$ cat final-v1.txt   # compact mmCIF, N, CA, C and O atoms
# COMPACT_ATOMS: atom_id res chain seq x y z
N MET X 28 128.00 91.92 -80.03
CA MET X 28 126.79 91.35 -79.45
C MET X 28 125.82 91.00 -80.58
O MET X 28 125.59 91.81 -81.47
N VAL X 29 125.26 89.83 -80.50
CA VAL X 29 124.24 89.41 -81.46
C VAL X 29 122.89 89.87 -80.93
O VAL X 29 122.53 89.59 -79.79
N VAL X 30 122.15 90.58 -81.78
CA VAL X 30 120.82 91.05 -81.41
C VAL X 30 119.83 90.38 -82.36
O VAL X 30 120.07 90.28 -83.56
N ASN X 31 118.72 89.89 -81.78
CA ASN X 31 117.69 89.26 -82.60
C ASN X 31 116.32 89.58 -82.02
O ASN X 31 116.21 90.34 -81.05
N ASP X 32 115.29 89.00 -82.60
CA ASP X 32 113.93 89.28 -82.16
C ASP X 32 113.72 88.97 -80.67
O ASP X 32 113.00 89.67 -79.98
N SER X 33 114.40 87.92 -80.18
CA SER X 33 114.15 87.50 -78.81
C SER X 33 114.86 88.34 -77.75
O SER X 33 114.38 88.43 -76.63
N ASN X 34 115.98 88.99 -78.08
CA ASN X 34 116.68 89.77 -77.05
C ASN X 34 116.66 91.28 -77.29
O ASN X 34 117.21 92.05 -76.51
N TYR X 35 116.03 91.72 -78.36
CA TYR X 35 116.00 93.14 -78.71
C TYR X 35 115.46 94.02 -77.58
O TYR X 35 116.08 95.02 -77.21
N ASN X 36 114.32 93.66 -77.01
CA ASN X 36 113.72 94.49 -75.95
C ASN X 36 114.64 94.59 -74.74
O ASN X 36 114.72 95.64 -74.10
N GLU X 37 115.32 93.51 -74.44
CA GLU X 37 116.28 93.48 -73.34
C GLU X 37 117.43 94.47 -73.60
O GLU X 37 117.86 95.19 -72.71
N VAL X 38 117.91 94.49 -74.84
CA VAL X 38 119.01 95.39 -75.22
C VAL X 38 118.56 96.84 -75.08
O VAL X 38 119.25 97.66 -74.48
N ILE X 39 117.40 97.17 -75.61
CA ILE X 39 116.89 98.55 -75.56
C ILE X 39 116.63 98.97 -74.11
O ILE X 39 116.87 100.12 -73.73
N ALA X 40 116.16 98.05 -73.28
CA ALA X 40 115.82 98.35 -71.89
C ALA X 40 117.03 98.77 -71.05
O ALA X 40 116.87 99.35 -69.98
N GLN X 41 118.23 98.51 -71.54
CA GLN X 41 119.43 98.88 -70.78
C GLN X 41 119.63 100.40 -70.71
O GLN X 41 120.42 100.88 -69.91
N GLY X 42 118.94 101.13 -71.57
CA GLY X 42 118.96 102.59 -71.50
C GLY X 42 120.17 103.26 -72.13
O GLY X 42 120.30 104.48 -72.09
N LYS X 43 121.06 102.48 -72.73
CA LYS X 43 122.23 103.07 -73.39
C LYS X 43 121.92 103.29 -74.86
O LYS X 43 121.02 102.66 -75.42
N PRO X 44 122.67 104.18 -75.51
CA PRO X 44 122.53 104.29 -76.97
C PRO X 44 122.83 102.94 -77.61
O PRO X 44 123.70 102.20 -77.12
N VAL X 45 122.11 102.61 -78.67
CA VAL X 45 122.26 101.32 -79.33
C VAL X 45 122.58 101.54 -80.81
O VAL X 45 121.97 102.38 -81.47
N VAL X 46 123.55 100.78 -81.29
CA VAL X 46 123.90 100.78 -82.71
C VAL X 46 123.65 99.36 -83.21
O VAL X 46 124.20 98.41 -82.66
N LEU X 47 122.80 99.23 -84.22
CA LEU X 47 122.48 97.91 -84.78
C LEU X 47 122.94 97.83 -86.22
O LEU X 47 122.52 98.64 -87.05
N ASP X 48 123.77 96.86 -86.51
CA ASP X 48 124.27 96.60 -87.85
C ASP X 48 123.48 95.43 -88.43
O ASP X 48 123.63 94.29 -88.00
N PHE X 49 122.60 95.72 -89.40
CA PHE X 49 121.82 94.69 -90.08
C PHE X 49 122.68 94.16 -91.24
O PHE X 49 123.09 94.94 -92.10
N TRP X 50 122.92 92.85 -91.26
CA TRP X 50 123.85 92.27 -92.21
C TRP X 50 123.43 90.86 -92.60
O TRP X 50 122.48 90.31 -92.06
N ALA X 51 124.17 90.27 -93.55
CA ALA X 51 124.00 88.87 -93.95
C ALA X 51 125.36 88.33 -94.37
O ALA X 51 126.23 89.09 -94.81
N THR X 52 125.53 87.03 -94.26
CA THR X 52 126.83 86.41 -94.56
C THR X 52 127.23 86.57 -96.03
O THR X 52 128.41 86.66 -96.33
N TRP X 53 126.28 86.62 -96.94
CA TRP X 53 126.57 86.70 -98.36
C TRP X 53 126.82 88.13 -98.85
O TRP X 53 127.12 88.35 -100.02
N CYS X 54 126.72 89.11 -97.97
CA CYS X 54 126.81 90.52 -98.34
C CYS X 54 128.26 91.02 -98.25
O CYS X 54 128.82 91.12 -97.15
N GLY X 55 128.86 91.34 -99.39
CA GLY X 55 130.24 91.83 -99.42
C GLY X 55 130.46 93.11 -98.62
O GLY X 55 131.38 93.18 -97.80
N PRO X 56 129.64 94.15 -98.84
CA PRO X 56 129.82 95.38 -98.05
C PRO X 56 129.63 95.14 -96.55
O PRO X 56 130.28 95.80 -95.73
N CYS X 57 128.79 94.18 -96.18
CA CYS X 57 128.60 93.84 -94.76
C CYS X 57 129.89 93.29 -94.17
O CYS X 57 130.28 93.66 -93.06
N ARG X 58 130.54 92.42 -94.93
CA ARG X 58 131.81 91.84 -94.48
C ARG X 58 132.88 92.93 -94.40
O ARG X 58 133.75 92.88 -93.53
N LYS X 59 132.80 93.90 -95.30
CA LYS X 59 133.79 94.99 -95.31
C LYS X 59 133.71 95.83 -94.04
O LYS X 59 134.74 96.22 -93.49
N ILE X 60 132.49 96.11 -93.56
CA ILE X 60 132.38 96.97 -92.36
C ILE X 60 132.42 96.19 -91.05
O ILE X 60 132.51 96.79 -89.99
N ALA X 61 132.37 94.86 -91.11
CA ALA X 61 132.35 94.05 -89.89
C ALA X 61 133.51 94.36 -88.94
O ALA X 61 133.29 94.55 -87.74
N PRO X 62 134.76 94.48 -89.44
CA PRO X 62 135.85 94.80 -88.51
C PRO X 62 135.70 96.19 -87.89
O PRO X 62 136.06 96.41 -86.74
N VAL X 63 135.15 97.12 -88.65
CA VAL X 63 134.92 98.49 -88.15
C VAL X 63 133.89 98.46 -87.02
O VAL X 63 134.08 99.08 -85.97
N ILE X 64 132.81 97.72 -87.22
CA ILE X 64 131.77 97.61 -86.19
C ILE X 64 132.35 96.96 -84.94
O ILE X 64 132.08 97.40 -83.81
N GLN X 65 133.20 95.94 -85.12
CA GLN X 65 133.83 95.27 -83.98
C GLN X 65 134.74 96.25 -83.22
O GLN X 65 134.72 96.29 -81.99
N GLU X 66 135.52 97.03 -83.95
CA GLU X 66 136.40 98.03 -83.31
C GLU X 66 135.59 99.03 -82.49
O GLU X 66 135.96 99.38 -81.37
N LEU X 67 134.49 99.49 -83.07
CA LEU X 67 133.64 100.47 -82.37
C LEU X 67 133.01 99.86 -81.13
O LEU X 67 132.88 100.53 -80.10
N ALA X 68 132.64 98.59 -81.22
CA ALA X 68 132.04 97.90 -80.06
C ALA X 68 133.05 97.87 -78.91
O ALA X 68 132.68 98.10 -77.75
N GLU X 69 134.30 97.61 -79.23
CA GLU X 69 135.34 97.59 -78.19
C GLU X 69 135.63 99.00 -77.68
O GLU X 69 135.78 99.21 -76.48
N GLN X 70 135.71 99.94 -78.59
CA GLN X 70 136.03 101.33 -78.25
C GLN X 70 134.97 101.97 -77.34
O GLN X 70 135.30 102.73 -76.45
N TYR X 71 133.70 101.67 -77.60
CA TYR X 71 132.61 102.29 -76.85
C TYR X 71 131.95 101.36 -75.84
O TYR X 71 130.85 101.63 -75.38
N GLU X 72 132.66 100.28 -75.49
CA GLU X 72 132.13 99.33 -74.51
C GLU X 72 131.82 100.07 -73.20
O GLU X 72 132.60 100.88 -72.73
N GLY X 73 130.63 99.83 -72.68
CA GLY X 73 130.21 100.49 -71.44
C GLY X 73 129.47 101.80 -71.67
O GLY X 73 128.72 102.25 -70.82
N GLN X 74 129.68 102.41 -72.84
CA GLN X 74 129.00 103.67 -73.17
C GLN X 74 127.81 103.47 -74.10
O GLN X 74 126.83 104.20 -74.01
N ALA X 75 127.95 102.52 -75.01
CA ALA X 75 126.90 102.24 -76.00
C ALA X 75 126.88 100.73 -76.26
O ALA X 75 127.87 100.04 -76.05
N ILE X 76 125.75 100.25 -76.72
CA ILE X 76 125.62 98.85 -77.09
C ILE X 76 125.69 98.79 -78.61
O ILE X 76 124.90 99.43 -79.30
N ILE X 77 126.66 98.05 -79.10
CA ILE X 77 126.83 97.93 -80.55
C ILE X 77 126.63 96.46 -80.89
O ILE X 77 127.40 95.60 -80.44
N GLY X 78 125.56 96.19 -81.64
CA GLY X 78 125.18 94.83 -81.94
C GLY X 78 125.00 94.56 -83.41
O GLY X 78 124.83 95.48 -84.21
N LYS X 79 125.04 93.29 -83.75
CA LYS X 79 124.86 92.86 -85.13
C LYS X 79 123.56 92.07 -85.24
O LYS X 79 123.29 91.23 -84.38
N VAL X 80 122.80 92.35 -86.27
CA VAL X 80 121.53 91.67 -86.52
C VAL X 80 121.65 90.93 -87.86
O VAL X 80 121.67 91.57 -88.92
N ASN X 81 121.76 89.61 -87.80
CA ASN X 81 121.81 88.82 -89.02
C ASN X 81 120.38 88.71 -89.55
O ASN X 81 119.52 88.11 -88.92
N ILE X 82 120.14 89.30 -90.72
CA ILE X 82 118.77 89.36 -91.25
C ILE X 82 118.22 87.99 -91.62
O ILE X 82 117.02 87.84 -91.83
N GLU X 83 119.09 86.99 -91.69
CA GLU X 83 118.65 85.64 -92.06
C GLU X 83 118.38 84.75 -90.86
O GLU X 83 117.90 83.64 -91.03
N GLU X 84 118.70 85.22 -89.66
CA GLU X 84 118.56 84.37 -88.48
C GLU X 84 117.77 85.08 -87.38
O GLU X 84 118.29 86.00 -86.75
N GLU X 85 116.56 84.67 -87.14
CA GLU X 85 115.76 85.12 -86.01
C GLU X 85 115.64 86.64 -85.89
O GLU X 85 115.70 87.19 -84.80
N ALA X 86 115.46 87.31 -87.02
CA ALA X 86 115.33 88.77 -86.95
C ALA X 86 114.22 89.28 -87.87
O ALA X 86 114.20 90.45 -88.23
N ASP X 87 113.28 88.41 -88.23
CA ASP X 87 112.21 88.81 -89.14
C ASP X 87 111.41 90.00 -88.60
O ASP X 87 111.06 90.91 -89.35
N ASP X 88 111.11 89.98 -87.31
CA ASP X 88 110.32 91.07 -86.72
C ASP X 88 111.09 92.39 -86.76
O ASP X 88 110.51 93.44 -87.09
N LEU X 89 112.37 92.36 -86.44
CA LEU X 89 113.17 93.59 -86.47
C LEU X 89 113.32 94.13 -87.88
O LEU X 89 113.22 95.34 -88.10
N VAL X 90 113.56 93.24 -88.83
CA VAL X 90 113.68 93.66 -90.23
C VAL X 90 112.39 94.33 -90.69
O VAL X 90 112.41 95.40 -91.31
N ALA X 91 111.25 93.74 -90.34
CA ALA X 91 109.96 94.31 -90.72
C ALA X 91 109.69 95.63 -89.98
O ALA X 91 109.27 96.61 -90.58
N GLU X 92 109.95 95.63 -88.67
CA GLU X 92 109.68 96.82 -87.85
C GLU X 92 110.45 98.04 -88.36
O GLU X 92 109.92 99.14 -88.41
N TYR X 93 111.70 97.84 -88.72
CA TYR X 93 112.53 98.95 -89.15
C TYR X 93 112.58 99.12 -90.67
O TYR X 93 113.27 100.00 -91.17
N GLY X 94 111.84 98.31 -91.40
CA GLY X 94 111.76 98.45 -92.85
C GLY X 94 113.11 98.30 -93.54
O GLY X 94 113.42 99.04 -94.48
N ILE X 95 113.90 97.35 -93.09
CA ILE X 95 115.23 97.14 -93.67
C ILE X 95 115.07 96.54 -95.07
O ILE X 95 114.52 95.45 -95.23
N ARG X 96 115.53 97.27 -96.07
CA ARG X 96 115.42 96.81 -97.46
C ARG X 96 116.79 96.60 -98.10
O ARG X 96 116.91 95.91 -99.10
N ASN X 97 117.79 97.27 -97.57
CA ASN X 97 119.15 97.16 -98.10
C ASN X 97 120.10 96.87 -96.94
O ASN X 97 119.87 97.33 -95.82
N ILE X 98 121.16 96.14 -97.25
CA ILE X 98 122.17 95.89 -96.22
C ILE X 98 123.54 96.19 -96.81
O ILE X 98 123.71 96.09 -98.03
N PRO X 99 124.48 96.59 -96.00
CA PRO X 99 124.31 96.83 -94.59
C PRO X 99 123.49 98.09 -94.31
O PRO X 99 123.57 99.07 -95.04
N THR X 100 122.70 98.02 -93.27
CA THR X 100 122.02 99.20 -92.71
C THR X 100 122.40 99.25 -91.24
O THR X 100 122.25 98.27 -90.53
N VAL X 101 122.92 100.39 -90.82
CA VAL X 101 123.31 100.57 -89.43
C VAL X 101 122.38 101.63 -88.83
O VAL X 101 122.32 102.76 -89.31
N LEU X 102 121.63 101.21 -87.79
CA LEU X 102 120.70 102.11 -87.11
C LEU X 102 121.32 102.62 -85.82
O LEU X 102 121.99 101.87 -85.10
N PHE X 103 121.05 103.88 -85.51
CA PHE X 103 121.51 104.51 -84.28
C PHE X 103 120.26 104.84 -83.46
O PHE X 103 119.43 105.63 -83.90
N ILE X 104 120.13 104.20 -82.30
CA ILE X 104 118.90 104.26 -81.50
C ILE X 104 119.21 104.85 -80.13
O ILE X 104 120.12 104.38 -79.43
N LYS X 105 118.44 105.87 -79.76
CA LYS X 105 118.58 106.46 -78.43
C LYS X 105 117.19 106.57 -77.82
O LYS X 105 116.25 107.01 -78.48
N ASN X 106 117.06 106.13 -76.58
CA ASN X 106 115.77 106.13 -75.88
C ASN X 106 114.70 105.39 -76.67
O ASN X 106 113.55 105.80 -76.73
N GLY X 107 115.11 104.31 -77.33
CA GLY X 107 114.17 103.48 -78.08
C GLY X 107 113.75 104.03 -79.43
O GLY X 107 112.94 103.42 -80.13
N GLN X 108 114.30 105.18 -79.84
CA GLN X 108 113.92 105.81 -81.11
C GLN X 108 115.13 105.89 -82.05
O GLN X 108 116.24 106.20 -81.61
N ILE X 109 114.89 105.66 -83.33
CA ILE X 109 115.97 105.81 -84.31
C ILE X 109 116.30 107.29 -84.44
O ILE X 109 115.42 108.11 -84.71
N VAL X 110 117.56 107.63 -84.24
CA VAL X 110 117.98 109.02 -84.38
C VAL X 110 118.81 109.24 -85.64
O VAL X 110 118.96 110.37 -86.10
N ASP X 111 119.31 108.15 -86.22
CA ASP X 111 120.10 108.27 -87.46
C ASP X 111 120.27 106.88 -88.05
O ASP X 111 120.03 105.87 -87.39
N LYS X 112 120.71 106.84 -89.32
CA LYS X 112 121.02 105.55 -89.94
C LYS X 112 121.99 105.76 -91.09
O LYS X 112 122.08 106.85 -91.66
N VAL X 113 122.71 104.70 -91.40
CA VAL X 113 123.62 104.68 -92.54
C VAL X 113 123.28 103.44 -93.34
O VAL X 113 123.24 102.34 -92.80
N VAL X 114 123.01 103.63 -94.63
CA VAL X 114 122.72 102.51 -95.52
C VAL X 114 123.92 102.36 -96.45
O VAL X 114 124.34 103.33 -97.09
N GLY X 115 124.47 101.15 -96.51
CA GLY X 115 125.66 100.91 -97.31
C GLY X 115 126.91 101.05 -96.46
O GLY X 115 126.85 101.51 -95.32
N ALA X 116 128.03 100.65 -97.01
CA ALA X 116 129.29 100.73 -96.28
C ALA X 116 129.74 102.19 -96.21
O ALA X 116 129.57 102.95 -97.14
N ALA X 117 130.31 102.54 -95.06
CA ALA X 117 130.82 103.90 -94.85
C ALA X 117 132.12 103.81 -94.07
O ALA X 117 132.40 102.79 -93.43
N PRO X 118 132.91 104.88 -94.07
CA PRO X 118 134.15 104.85 -93.28
C PRO X 118 133.86 104.87 -91.78
O PRO X 118 132.80 105.32 -91.34
N LYS X 119 134.83 104.40 -91.00
CA LYS X 119 134.69 104.34 -89.55
C LYS X 119 134.30 105.70 -88.97
O LYS X 119 133.47 105.77 -88.06
N SER X 120 134.86 106.76 -89.52
CA SER X 120 134.59 108.11 -88.99
C SER X 120 133.11 108.47 -89.06
O SER X 120 132.59 109.16 -88.18
N THR X 121 132.41 107.98 -90.05
CA THR X 121 130.97 108.25 -90.19
C THR X 121 130.20 107.63 -89.03
O THR X 121 129.38 108.28 -88.39
N TYR X 122 130.49 106.36 -88.74
CA TYR X 122 129.81 105.68 -87.64
C TYR X 122 130.18 106.31 -86.29
O TYR X 122 129.33 106.51 -85.43
N GLU X 123 131.47 106.62 -86.15
CA GLU X 123 131.96 107.18 -84.90
C GLU X 123 131.31 108.54 -84.61
O GLU X 123 130.91 108.83 -83.47
N GLU X 124 131.16 109.36 -85.61
CA GLU X 124 130.52 110.67 -85.46
C GLU X 124 129.08 110.53 -84.95
O GLU X 124 128.65 111.24 -84.07
N LYS X 125 128.38 109.56 -85.49
CA LYS X 125 126.98 109.36 -85.10
C LYS X 125 126.86 108.78 -83.69
O LYS X 125 125.94 109.11 -82.96
N ILE X 126 127.82 107.93 -83.31
CA ILE X 126 127.83 107.40 -81.94
C ILE X 126 128.11 108.53 -80.96
O ILE X 126 127.40 108.67 -79.95
N LYS X 127 129.10 109.34 -81.25
CA LYS X 127 129.44 110.45 -80.37
C LYS X 127 128.26 111.41 -80.18
O LYS X 127 128.06 111.95 -79.11
N ALA X 128 127.48 111.61 -81.25
CA ALA X 128 126.32 112.51 -81.16
C ALA X 128 125.26 111.98 -80.20
O ALA X 128 124.49 112.75 -79.63
N MET X 129 125.23 110.65 -80.00
CA MET X 129 124.24 110.06 -79.10
C MET X 129 124.69 110.06 -77.63
O MET X 129 123.88 109.91 -76.74
N LEU X 130 125.99 110.19 -77.40
CA LEU X 130 126.52 110.10 -76.03
C LEU X 130 126.37 111.41 -75.28
O LEU X 130 126.25 112.46 -75.78
$ encode --input "final-v1.txt" --output "structure tokens"
Amino acid sequence: MVVNDSNYNEVIAQGKPVVLDFWATWCGPCRKIAPVIQELAEQYEGQAIIGKVNIEEEADDLVAEYGIRNIPTVLFIKNGQIVDKVVGAAPKSTYEEKIKAML
């Protein structure tokens, strides 16, 4: 799912745990974790919302709001609040552990 400034509130309003992957096309580590994020989105479909936020396209407000300075940054949000984050590429198990903690 693509998340940006215009649909962010809609995504959060669904009441499910949210995982946001802040990335850019030119970012090597972002491309490295992209398949992992896609797998997790399929694995946790219906339980959590896992979305990608392209920092170069319609996400200036989100980047500013969350103080994103490095990418990839993956935020874990529950009840509208950040409960955890991972900066830089990490193994699938790291992301999965944090998702499970929110469920």
$ residues_around --input "final-v1.txt" --residues "Thr52 in chain X" --least-positions-apart "5" --cutoff "7 Å" --atoms "all atoms listed in the file" --output "compact mmCIF listing (two decimals) with N, CA, C and O atoms, in the frame of the given file"
# COMPACT_ATOMS: atom_id res chain seq x y z
N ARG X 58 130.54 92.42 -94.93
CA ARG X 58 131.81 91.84 -94.48
C ARG X 58 132.88 92.93 -94.40
O ARG X 58 133.75 92.88 -93.53
N ASN X 81 121.76 89.61 -87.80
CA ASN X 81 121.81 88.82 -89.02
C ASN X 81 120.38 88.71 -89.55
O ASN X 81 119.52 88.11 -88.92
N ILE X 82 120.14 89.30 -90.72
CA ILE X 82 118.77 89.36 -91.25
C ILE X 82 118.22 87.99 -91.62
O ILE X 82 117.02 87.84 -91.83
N GLU X 83 119.09 86.99 -91.69
CA GLU X 83 118.65 85.64 -92.06
C GLU X 83 118.38 84.75 -90.86
O GLU X 83 117.90 83.64 -91.03
$ residues_around --input "final-v1.txt" --residues "Asn106 in chain X" --least-positions-apart "4" --cutoff "9 Å" --atoms "only C-alpha atoms" --output "PyMOL selection string"
chain X and resi 39-40+42-45
$ residues_around --input "final-v1.txt" --residues "Val113 in chain X" --least-positions-apart "2" --cutoff "5 Å" --atoms "all atoms listed in the file" --output "number ranges by chain"
X: 99-101, 111, 115
$ closest_residue --input "final-v1.txt" --among "X:Lys112, X:Leu130, X:Glu85, X:Lys119" --to "Asn34 in chain X" --atoms "only N, CA, C and O atoms"
X:Glu85
$ atom_distance --input "final-v1.txt" --atom1 "CA of Val90 in chain X" --atom2 "CA of Glu124 in chain X"
24.4 Å
$ residues_near_point --input "final-v1.txt" --point "(112.4, 101.7, -86.6)" --cutoff "7 Å" --atoms "only N, CA, C and O atoms" --output "list of chain:residue names"
X:Leu89, X:Glu92, X:Tyr93, X:Gly94, X:Gly107, X:Gln108, X:Ile109
$ select_by_dssp --input "final-v1.txt" --residues "range 73-110 of chain X" --states "helix (DSSP H, G or I)" --output "list of chain:residue names"
X:Asp87, X:Asp88, X:Leu89, X:Val90, X:Ala91, X:Glu92
$ residues_around --input "final-v1.txt" --residues "range 28-31 of chain X" --least-positions-apart "2" --cutoff "8 Å" --atoms "all atoms listed in the file" --output "PyMOL selection string"
chain X and resi 33-38+46-48+64-65+68+76-82+84-89
$ closest_residue --input "final-v1.txt" --among "X:Ile60, X:Ala91, X:Ala75, X:Leu102" --to "Ser120 in chain X" --atoms "only C-alpha atoms"
X:Ile60
$ axis_aligned_box --input "final-v1.txt" --around "range 97-115 of chain X" --padding-each-side "3 Å" --output "lines of an AutoDock Vina configuration file"
center_x = 119.9
center_y = 103.1
center_z = -87.0
size_x = 20.0
size_y = 20.5
size_z = 28.2
$ closest_residue --input "final-v1.txt" --among "X:Pro118, X:Ile98, X:Ile104, X:Ile126" --to "Gly55 in chain X" --atoms "all atoms listed in the file"
X:Ile98
$ select_by_dssp --input "final-v1.txt" --residues "range 70-117 of chain X" --states "strand (DSSP E)" --output "count of residues only"
19
$ closest_residue --input "final-v1.txt" --among "X:Pro62, X:Glu72, X:Ile95, X:Leu67" --to "Phe49 in chain X" --atoms "only C-alpha atoms"
X:Ile95
$ build_atoms --input "final-v1.txt" --residues "range 93-102 of chain X" --atoms "all heavy atoms" --output "JSON list (two decimals), keeping the file's coordinate frame"
[["chain", "number", "residue", "atom", "x", "y", "z"],
["X", 93, "TYR", "N", 111.70, 97.84, -88.72],
["X", 93, "TYR", "CA", 112.53, 98.95, -89.15],
["X", 93, "TYR", "C", 112.58, 99.12, -90.67],
["X", 93, "TYR", "O", 113.27, 100.00, -91.17],
["X", 93, "TYR", "CB", 113.95, 98.80, -88.59],
["X", 93, "TYR", "CG", 114.00, 99.05, -87.10],
["X", 93, "TYR", "CD1", 114.45, 98.09, -86.24],
["X", 93, "TYR", "CD2", 113.54, 100.26, -86.56],
["X", 93, "TYR", "CE1", 114.50, 98.31, -84.87],
["X", 93, "TYR", "CE2", 113.58, 100.48, -85.20],
["X", 93, "TYR", "CZ", 114.05, 99.51, -84.36],
["X", 93, "TYR", "OH", 114.08, 99.74, -83.02],
["X", 94, "GLY", "N", 111.84, 98.31, -91.40],
["X", 94, "GLY", "CA", 111.76, 98.45, -92.85],
["X", 94, "GLY", "C", 113.11, 98.30, -93.54],
["X", 94, "GLY", "O", 113.42, 99.04, -94.48],
["X", 95, "ILE", "N", 113.90, 97.35, -93.09],
["X", 95, "ILE", "CA", 115.23, 97.14, -93.67],
["X", 95, "ILE", "C", 115.07, 96.54, -95.07],
["X", 95, "ILE", "O", 114.52, 95.45, -95.23],
["X", 95, "ILE", "CB", 116.09, 96.22, -92.78],
["X", 95, "ILE", "CG1", 116.20, 96.76, -91.37],
["X", 95, "ILE", "CG2", 117.46, 95.97, -93.42],
["X", 95, "ILE", "CD1", 116.83, 98.13, -91.24],
["X", 96, "ARG", "N", 115.53, 97.27, -96.07],
["X", 96, "ARG", "CA", 115.42, 96.81, -97.46],
["X", 96, "ARG", "C", 116.79, 96.60, -98.10],
["X", 96, "ARG", "O", 116.91, 95.91, -99.10],
["X", 96, "ARG", "CB", 114.61, 97.81, -98.28],
["X", 96, "ARG", "CG", 113.14, 97.79, -97.93],
["X", 96, "ARG", "CD", 112.38, 98.84, -98.73],
["X", 96, "ARG", "NE", 110.96, 98.81, -98.51],
["X", 96, "ARG", "CZ", 110.33, 99.15, -97.39],
["X", 96, "ARG", "NH1", 111.02, 99.53, -96.35],
["X", 96, "ARG", "NH2", 109.01, 99.11, -97.30],
["X", 97, "ASN", "N", 117.79, 97.27, -97.57],
["X", 97, "ASN", "CA", 119.15, 97.16, -98.10],
["X", 97, "ASN", "C", 120.10, 96.87, -96.94],
["X", 97, "ASN", "O", 119.87, 97.33, -95.82],
["X", 97, "ASN", "CB", 119.58, 98.47, -98.77],
["X", 97, "ASN", "CG", 118.68, 98.83, -99.92],
["X", 97, "ASN", "OD1", 118.56, 98.09, -100.87],
["X", 97, "ASN", "ND2", 118.03, 99.98, -99.83],
["X", 98, "ILE", "N", 121.16, 96.14, -97.25],
["X", 98, "ILE", "CA", 122.17, 95.89, -96.22],
["X", 98, "ILE", "C", 123.54, 96.19, -96.81],
["X", 98, "ILE", "O", 123.71, 96.09, -98.03],
["X", 98, "ILE", "CB", 122.09, 94.45, -95.67],
["X", 98, "ILE", "CG1", 122.18, 93.44, -96.80],
["X", 98, "ILE", "CG2", 120.88, 94.26, -94.82],
["X", 98, "ILE", "CD1", 122.30, 92.01, -96.34],
["X", 99, "PRO", "N", 124.48, 96.59, -96.00],
["X", 99, "PRO", "CA", 124.31, 96.83, -94.59],
["X", 99, "PRO", "C", 123.49, 98.09, -94.31],
["X", 99, "PRO", "O", 123.57, 99.07, -95.04],
["X", 99, "PRO", "CB", 125.74, 97.02, -94.07],
["X", 99, "PRO", "CG", 126.50, 97.52, -95.25],
["X", 99, "PRO", "CD", 125.86, 96.88, -96.45],
["X", 100, "THR", "N", 122.70, 98.02, -93.27],
["X", 100, "THR", "CA", 122.02, 99.20, -92.71],
["X", 100, "THR", "C", 122.40, 99.25, -91.24],
["X", 100, "THR", "O", 122.25, 98.27, -90.53],
["X", 100, "THR", "CB", 120.49, 99.10, -92.85],
["X", 100, "THR", "OG1", 120.14, 99.17, -94.24],
["X", 100, "THR", "CG2", 119.80, 100.25, -92.12],
["X", 101, "VAL", "N", 122.92, 100.39, -90.82],
["X", 101, "VAL", "CA", 123.31, 100.57, -89.43],
["X", 101, "VAL", "C", 122.38, 101.63, -88.83],
["X", 101, "VAL", "O", 122.32, 102.76, -89.31],
["X", 101, "VAL", "CB", 124.79, 101.00, -89.30],
["X", 101, "VAL", "CG1", 125.16, 101.20, -87.83],
["X", 101, "VAL", "CG2", 125.70, 99.97, -89.95],
["X", 102, "LEU", "N", 121.63, 101.21, -87.79],
["X", 102, "LEU", "CA", 120.70, 102.11, -87.11],
["X", 102, "LEU", "C", 121.32, 102.62, -85.82],
["X", 102, "LEU", "O", 121.99, 101.87, -85.10],
["X", 102, "LEU", "CB", 119.39, 101.39, -86.79],
["X", 102, "LEU", "CG", 118.59, 100.84, -87.95],
["X", 102, "LEU", "CD1", 117.31, 100.19, -87.43],
["X", 102, "LEU", "CD2", 118.26, 101.92, -88.96]]
